[in-house]
Amino acid sequence: LETPIFKGLELILLQRLVETVYHNLNRIRMVWSRLWAVTSAHLVGAGCEDSEGIAMYSIDALRQIVSKLLEHQELSNFKFQDEAIKPFVSIFRQSELNQVHVFTIQCILQVVSSWNAKLKAGWHSILACVRVACKGGKSVEVVEAALHIMQIGWCDCEEISQNAALFESLKGCFVCVMQGKHVEHQRRAIEIVSGGETGGTQGKISLLLEMGNAAFESDNSCYHQAYQAMFKVFGGEGTDVKFVLDTCIRMLEENHAPLVALAIQHISQVPEEMLSDRRKQIVPLIVNNIESEDSQVRTAVADFLQAQVKPLLVESQIRDGEELETRLEVDQSVKAANPSSPKQQRKKKKKKNKK
């Protein structure tokens with residue numbers, strides 16, 4: 001391990017403790033886990049010290065231990081990665097020093113960047129730390145590092161895409177960003193989700209909807225961008241129209257004014273043959289917003305109803321025209337069968353009588 005640059009008895013003792021852990025890394029996992037349960041508690045305590053030097057050395061020692069552990073492939077049914085990374089989460093939650101928060105999340109970012117391919121169970125603790133970092137009150141540097149980790153997890157991590165629990169945890173991190181106050185970070189989060197492929201089209205749409213709702217409820221201005229990004233995904237190739245309509249119905253039921261307007265506009269673009277089966281469910285939800293206080297919603301409702309009424313009027317006119325043509329054809333057939341009218345028949349009878 002690296003030689004500490006700080007002097008003092010506490011650091012010397014801490015260094016000996018770290019060396020003990022380091023020299024026992026090759027022990028069988030059951031033995032190492034019991035050793036780690038004791039030593040990690042001391043490292044967490046040192047990482048939460050008011051002395052910045054001691055805290056930084058403890059966190060850096062943790063980073064080196066985790067990196068050394070990740071050189072070995074994790075066996076199935078073992079969670080030693082998660083055990084090794086958990087102290088970072090404890091330090092991040094307990095320490096009140098901003099420098100400790102910044103250094104901790106940067107160490108985790110370094111671990112993720114270097115060992116992404118070998119990370120498995122360790123992602124649980126990593127995402128737990130990222131979620132804490134994304135909550136309000138943390139500095140810009142902390143949130144930026146957390147977003148970088150989230151980008152790696154969303155765009156370049158098979159383990160998360162194949163694990164439902166990890167995927168839900170990562171989604172929770174993005175939602176936490178939207179509940180914060182950093183507008184630039186929220187825009188960055190929307191770009192990451194829009195550009196990634198994790199979760200497929202449906203997973204991306206669901207997450208963008210949740211992110212938009214979280215921003216809307218937190219009175220953050222980025223909710224509209226999240227909704228717009230979601231509707232761009234709607235228009236992409238291979239999108240399931242049934243899923244799109246189900247999502248639009250969900251948006252209408254949630255009754256967020258900007259979301260309702262966008263949902264109605266998108267429903268108006270759905271082909272008629274695909275909309276006909278759901279019309280009885282969708283139209284009443286749209287009509288309920290006809291007296292909305294939001295002008296955009298009222299306009300969207302009026303445009304939708306007008307678009308729906310026009311085809312019905314045309315259809316009615318065509319039907320009336322067809323009925324008129326049928327009547328004329330019937331009349332002509334009758335005339336052909338009876339060439340003389342009743343009046344003409346009476347005249348013929350009079351002529352016969354005169355004769």
# chains A, B, ... in the order shown; residues from 1 in each chain; ligands from 1
call {"tool": "select_by_dssp", "arguments": {"residues": "range 175-207 of chain A", "states": "alpha helix (DSSP H)", "output": "list in words"}}
result
Val175, Cys176, Val177, Met178, Val183, Glu184, His185, Gln186, Arg187, Arg188, Ala189, Ile190, Glu191, Ile192, Val193, Ser194, Gly195, Gly200, Thr201, Gln202, Gly203, Lys204, Ile205, Ser206 and Leu207 of chain A
call {"tool": "residues_around", "arguments": {"residues": "Ile290 in chain A", "least_positions_apart": "6", "cutoff": "8 Å", "atoms": "only C-alpha atoms", "output": "ChimeraX atom specification"}}
result
/A:297-298,301-302
call {"tool": "closest_residue", "arguments": {"among": "A:Leu208, A:Ala215, A:Leu245, A:Val233", "to": "Pro271 in chain A", "atoms": "only C-alpha atoms"}}
result
A:Leu245
call {"tool": "closest_residue", "arguments": {"among": "A:Ile12, A:Met251, A:Leu25, A:Leu109", "to": "Ile54 in chain A", "atoms": "only C-alpha atoms"}}
result
A:Ile12
call {"tool": "closest_residue", "arguments": {"among": "A:Gln81, A:Gln225, A:Asn255, A:Ser169", "to": "Val132 in chain A", "atoms": "only C-alpha atoms"}}
result
A:Ser169
call {"tool": "atom_distance", "arguments": {"atom1": "CA of Val244 in chain A", "atom2": "CA of Glu217 in chain A"}}
result
22.8 Å
call {"tool": "residues_around", "arguments": {"residues": "range 141-158 of chain A", "least_positions_apart": "2", "cutoff": "10 Å", "atoms": "only C-alpha atoms", "output": "PyMOL selection string"}}
result
chain A and resi 98-99+101-113+116-117+119-120+123+126-127+129-139+160-163+166-167+170-171+173-174+177+180+182+184-186+188-189+191-193+195-199
call {"tool": "closest_residue", "arguments": {"among": "A:Met230, A:Ile190, A:Val270, A:Ile59", "to": "Gly45 in chain A", "atoms": "only C-alpha atoms"}}
result
A:Ile59
call {"tool": "closest_residue", "arguments": {"among": "A:Ile205, A:Cys176, A:Ala121, A:Leu17", "to": "Ser218 in chain A", "atoms": "only C-alpha atoms"}}
result
A:Cys176
call {"tool": "residues_around", "arguments": {"residues": "Asn24 in chain A", "least_positions_apart": "2", "cutoff": "12 Å", "atoms": "only C-alpha atoms", "output": "JSON, numbers by chain"}}
result
{"A": [17, 18, 19, 20, 21, 22, 26, 27, 28, 29, 30, 31, 32, 33, 34, 35, 36, 39, 65, 68, 69]}
call {"tool": "atom_distance", "arguments": {"atom1": "CA of Val140 in chain A", "atom2": "CA of Val183 in chain A"}}
result
11.0 Å
call {"tool": "residues_around", "arguments": {"residues": "Ser125 in chain A", "least_positions_apart": "5", "cutoff": "8 Å", "atoms": "only C-alpha atoms", "output": "compact mmCIF listing (two decimals) with N, CA and C atoms, in the first residue's frame"}}
result
# COMPACT_ATOMS: atom_id res chain seq x y z
N ASP A 82 -19.72 -6.44 -2.15
CA ASP A 82 -20.66 -5.58 -1.42
C ASP A 82 -20.15 -5.27 -0.02
N ILE A 85 -17.30 -2.65 -0.15
CA ILE A 85 -17.64 -1.28 -0.55
C ILE A 85 -18.59 -0.61 0.45
N LYS A 86 -19.26 -1.38 1.28
CA LYS A 86 -20.20 -0.80 2.25
C LYS A 86 -19.59 0.28 3.14
N VAL A 89 -20.23 3.77 1.97
CA VAL A 89 -21.59 4.27 2.20
C VAL A 89 -21.72 4.80 3.62
